[in-house]
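The structure under discussion appears below in the form of C-alpha cells.
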Amino acid sequence: MAKLSKEQLQQIAKYLEPRKALILDPSSSSRPAIRKLMNTLGIKITNLDMAESFNDAVQKIEAMKPEIIWSEYNLDDKTGLDLFHLQRKHFQNRLAHSFILISEKNSLAIAANSAEQDADGLVLRPITMDSLHTQFIEVILGKIAPTDYAKLLDDGKKLFDENKFTEALNFFKEAKTLDKTPSLACYFEALAHKALKSRSNAEKALVEGLKHNSQHYKCLAGLYDLRFENKDYESAYKLGMKLFADFPANPKYMPNLVWLSIYHKKFDDIMGFYEVFSTIEPFDQYLANYLSAALFVCGKHLLQNQNATEALNSFKKADLISKSKP
C-alpha cells in the first residue's frame with residue numbers, strides 16, 4: 001500500500017467524513033474489503049450503504065445521493081457507467097464526487113470505455129486490499145488538492161454540460177496556459193468548437209493536443225471521428241489503425257474501422273479484428289454483424305484470388321459470430 005503522511009491521512013479523513021458512499025459489488029469476497037477501506041479512511045458506517053442490483057442502486061442514488069460509488073461494470077443488460085451518468089446529474093462539481101468501476105482482469109474494452117467516459121478509476125479482479133487502497137487514494141488525493149489546470153477543466157466541463165459552449169471554450173483555452181502538455185484541454189476545446197459547429201477549429205485543437213502528446217487517446221479518437229465524418233477516409237484509416245495498435249480495442253470505433261479496411265481493400269486487417277473481437281466482453285452483437293459482413297467480403301476476395309482454404313476459414317468465422325444467420 002502507498003505510504004501516506006500524517007497530514008495526508010488527516011486531509012483524506014476530513015474530505016471523506018461528511019460524504020456518503022454506495023457499493024454495488026456482487027462479489028462476497030471484495031465487498032467487505034471495500035467497506036472496510038472506506039471506513040478506515042474516514043467514511044462513517046452510517047454513511048455507507050450496499051446495493052443488491054442495478055435497480056436497487058438507482059433508487060439509492062436518487063435517495064441518498066452518494067458522493068462516492070464503487071460499482072461492478074457488468075450489470076446484466078446495463079453497465080456501471082449508467083450509474084456513473086446518473087450520479088453526475090446530482091453533482092455539478094465533478095471534484096465533489098468519485099466513481100470507481102470494478103471488472104474482470106484483462107477486459108481491455110471495458111478499460112478503454114471507462115477511460116473515455118471519464119470514470120475516476122477501474123479496479124481489476126482479482127481484487128486485493130493493496131489494489132483497492134492504491135486506486136482509491138490516487139482518486140481522492142486528486143479531488144482534495146486539484147491543480148489550477150484541473151479546476152479550470154472542471155469548471156469548463158460544467159458549463160459544457162449546461163450547453164454554454166462559448167463560455168466553456170474560454171475556460172478550456174485558459175487551462176491550456178497552465179500546463180506544459182495540455183492535451184486534455186485541447187480535447188475539450190475541440191468538443192466545444194464542434195458543439196459550436198466549427199469543425200475546422202475542432203480539428204486544429206485536436207492536432208495541437210497530439211503535438212503535445214502524440215499518444216493522447218482522446219485526441220486520437222476525437223480526430224479519428226472527425227476525419228471520418230469529414231470523409232477524409234485515408235487519414236481516418238491511419239488514425240484508426242494507430243488506435244487499434246496502441247490501445248485496448250474500443251467497440252465504439254470498430255464498425256467504422258472495419259468499413260475503412262474494406263474501403264481500402266486492407267483485407268488482412270479483418271482477421272486481426274476478428275482475433276481481438278473474440279476477446280471482447282461482453283459480447284457485442286452490433287459489432288459482430290459488421291465484422292461478419294466484413295469476413296464475408298474478405299472470403300469473396302480470397303476466392304477471387306484462388307485461395308479457397310482461407311476463404312472457407314473466413315466464411316466459417318462469419319457464420320460463427322453472426323450466430324449462423326445466413
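Identifiers in the C-alpha cells: chain A, B, ... in order shown; residue index from 1 per chain; ligand index from 1 in order shown.
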Return as a list of chain:residue names the full set of residues in segment 93-298 of chain A whose backbone-based DSSP assignment is strand (DSSP E). A:Ser98, A:Phe99, A:Ile100, A:Leu101, A:Ile102, A:Ser103, A:Gly121, A:Leu122, A:Val123, A:Leu124
Show which residues sit within 10 Å of Met64 of chain A, as a short mmCIF file (atom, residue, chain, number, x, y, z; two decimals) with N, CA, C and O atoms, in the first residue's frame. Count only C-alpha atoms, and ignore same-chain residues fewer than 2 positions away.
data_model
loop_
_atom_site.label_atom_id
_atom_site.label_comp_id
_atom_site.auth_asym_id
_atom_site.auth_seq_id
_atom_site.Cartn_x
_atom_site.Cartn_y
_atom_site.Cartn_z
N LYS A 20 -21.10 10.41 1.64
CA LYS A 20 -21.82 9.13 1.64
C LYS A 20 -21.26 8.26 0.52
O LYS A 20 -20.83 8.76 -0.53
N ALA A 21 -21.26 6.95 0.75
CA ALA A 21 -20.72 6.01 -0.23
C ALA A 21 -21.69 4.87 -0.48
O ALA A 21 -22.38 4.42 0.43
N LEU A 22 -21.73 4.42 -1.73
CA LEU A 22 -22.57 3.29 -2.13
C LEU A 22 -21.70 2.26 -2.83
O LEU A 22 -20.87 2.61 -3.68
N ASN A 47 -22.92 6.25 6.88
CA ASN A 47 -22.96 6.85 5.54
C ASN A 47 -22.58 5.87 4.44
O ASN A 47 -22.42 6.25 3.28
N ASP A 49 -23.56 2.40 2.33
CA ASP A 49 -24.69 1.54 2.00
C ASP A 49 -24.29 0.58 0.89
O ASP A 49 -23.36 0.83 0.13
N GLN A 59 -32.27 3.47 -7.19
CA GLN A 59 -33.14 4.02 -6.15
C GLN A 59 -32.32 4.67 -5.03
O GLN A 59 -32.67 5.75 -4.53
N LYS A 60 -31.20 4.03 -4.66
CA LYS A 60 -30.39 4.56 -3.57
C LYS A 60 -29.61 5.80 -4.00
O LYS A 60 -29.38 6.72 -3.19
N ILE A 61 -29.20 5.87 -5.25
CA ILE A 61 -28.53 7.07 -5.74
C ILE A 61 -29.49 8.26 -5.71
O ILE A 61 -29.14 9.36 -5.29
N GLU A 62 -30.73 8.01 -6.13
CA GLU A 62 -31.73 9.09 -6.12
C GLU A 62 -32.07 9.52 -4.69
O GLU A 62 -32.29 10.70 -4.42
N PRO A 66 -25.12 9.58 -3.12
CA PRO A 66 -23.77 9.28 -2.64
C PRO A 66 -22.69 9.97 -3.47
O PRO A 66 -22.73 9.94 -4.70
N GLU A 67 -21.75 10.61 -2.78
CA GLU A 67 -20.65 11.26 -3.49
C GLU A 67 -19.64 10.23 -4.00
O GLU A 67 -18.89 10.53 -4.93
#
Would you mind listing what lies within 8 Å of segment 177-186 of chain A as number ranges by chain, with only C-alpha atoms counted and same-chain residues fewer than 4 positions away left out? A: 148-149, 153, 172-173, 190, 205-206, 208-210, 212-213, 216, 218-219
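Between atom CA of Ile100 of chain A and atom CA of Pro255 of chain A lies a distance of 28.1 Å.
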Neighbouring residues of segment 281-297 of chain A were defined as those with any atom within 8 Å, considering only C-alpha atoms; residues of the same chain fewer than 4 positions away were excluded. Please report them as a PyMOL selection string. chain A and resi 74+107+109-110+251+254-255+258-259+262+270-271+273-274+301+314-315+317-319+321-322
So that I can see what lies close to Leu223 of chain A, please list as a VMD selection string the residues with an atom at most 8 Å from it, counting only C-alpha atoms and leaving out residues fewer than 5 positions away in the same chain. chain A and resid 203 206 to 207 236 239
From the list A:Ile45, A:Ala195, A:Met129, A:Ala112, which residue is nearest Asp246 of chain A when using only C-alpha atoms? A:Ala112
Excluding Tyr253 of chain A and its own-chain neighbours fewer than 4 positions away, which residues fall within 10 Å of it when counting only C-alpha atoms? Please give them as a PyMOL selection string. chain A and resi 221+224-225+240+243-244+249+257-258+287
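All residues of segment 113-148 of chain A that DSSP, run on the backbone, classes as helix (DSSP H, G or I) are Asn113, Ser114, Ala115, Glu116, Met129, Asp130, Ser131, Leu132, His133, Thr134, Gln135, Phe136, Ile137, Glu138, Val139, Ile140, Leu141, Gly142, Lys143, Ile144 and Asp148 of chain A.
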Please, could you write that set of residues out with N, CA and C atoms as a CSV table (one decimal), in the first residue's frame?
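Output contents, as saved in again.csv:
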chain,number,residue,atom,x,y,z
A,113,ASN,N,-13.3,1.9,-22.5
A,113,ASN,CA,-14.6,2.6,-22.4
A,113,ASN,C,-14.7,3.4,-21.1
A,114,SER,N,-14.2,2.9,-20.0
A,114,SER,CA,-14.2,3.6,-18.7
A,114,SER,C,-13.4,4.8,-18.8
A,115,ALA,N,-12.2,4.8,-19.4
A,115,ALA,CA,-11.4,5.9,-19.5
A,115,ALA,C,-12.0,7.0,-20.4
A,116,GLU,N,-12.6,6.6,-21.5
A,116,GLU,CA,-13.3,7.5,-22.4
A,116,GLU,C,-14.4,8.3,-21.7
A,129,MET,N,-6.5,-5.8,-1.2
A,129,MET,CA,-6.5,-4.6,-0.4
A,129,MET,C,-5.6,-3.5,-0.9
A,130,ASP,N,-4.4,-4.0,-1.4
A,130,ASP,CA,-3.4,-3.1,-1.9
A,130,ASP,C,-3.9,-2.4,-3.2
A,131,SER,N,-4.6,-3.1,-4.1
A,131,SER,CA,-5.1,-2.5,-5.3
A,131,SER,C,-6.2,-1.6,-5.0
A,132,LEU,N,-7.1,-1.9,-4.1
A,132,LEU,CA,-8.2,-1.0,-3.7
A,132,LEU,C,-7.6,0.2,-3.1
A,133,HIS,N,-6.7,0.1,-2.2
A,133,HIS,CA,-6.1,1.3,-1.5
A,133,HIS,C,-5.4,2.2,-2.4
A,134,THR,N,-4.6,1.6,-3.3
A,134,THR,CA,-3.8,2.4,-4.2
A,134,THR,C,-4.7,3.2,-5.2
A,135,GLN,N,-5.7,2.5,-5.7
A,135,GLN,CA,-6.6,3.2,-6.7
A,135,GLN,C,-7.4,4.3,-6.0
A,136,PHE,N,-8.0,4.0,-4.8
A,136,PHE,CA,-8.8,5.0,-4.1
A,136,PHE,C,-8.0,6.2,-3.7
A,137,ILE,N,-6.9,6.0,-3.1
A,137,ILE,CA,-6.0,7.1,-2.6
A,137,ILE,C,-5.7,8.0,-3.8
A,138,GLU,N,-5.3,7.4,-4.9
A,138,GLU,CA,-5.0,8.2,-6.1
A,138,GLU,C,-6.1,9.1,-6.5
A,139,VAL,N,-7.3,8.5,-6.5
A,139,VAL,CA,-8.5,9.3,-6.9
A,139,VAL,C,-8.8,10.4,-5.9
A,140,ILE,N,-8.8,10.1,-4.6
A,140,ILE,CA,-9.2,11.1,-3.6
A,140,ILE,C,-8.2,12.2,-3.5
A,141,LEU,N,-6.9,11.9,-3.6
A,141,LEU,CA,-5.9,13.0,-3.5
A,141,LEU,C,-6.0,14.0,-4.6
A,142,GLY,N,-6.5,13.5,-5.8
A,142,GLY,CA,-6.7,14.3,-6.9
A,142,GLY,C,-7.9,15.2,-6.7
A,143,LYS,N,-8.9,14.8,-5.9
A,143,LYS,CA,-10.1,15.6,-5.6
A,143,LYS,C,-9.8,16.6,-4.5
A,144,ILE,N,-8.9,16.2,-3.5
A,144,ILE,CA,-8.6,17.1,-2.4
A,144,ILE,C,-7.8,18.3,-2.8
A,148,ASP,N,-4.7,24.1,-10.5
A,148,ASP,CA,-5.5,25.1,-11.2
A,148,ASP,C,-5.9,24.7,-12.5
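Closest approach to Leu41 of chain A from the set A:Ala119, A:Ala13, A:Leu83, A:Leu95 is made by A:Ala13, with distances taken over only C-alpha atoms.
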Atom CA of Leu75 of chain A to atom CA of Thr40 of chain A, straight-line distance in Å: 27.7 Å
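Counting only C-alpha atoms and comparing A:Phe99, A:Phe165, A:Phe247, A:Phe91, the residue that lies closest to Ile69 of chain A is A:Phe99.
Here atom CA of Val123 of chain A stands at a distance of 4.9 Å from atom CA of Ile102 of chain A.
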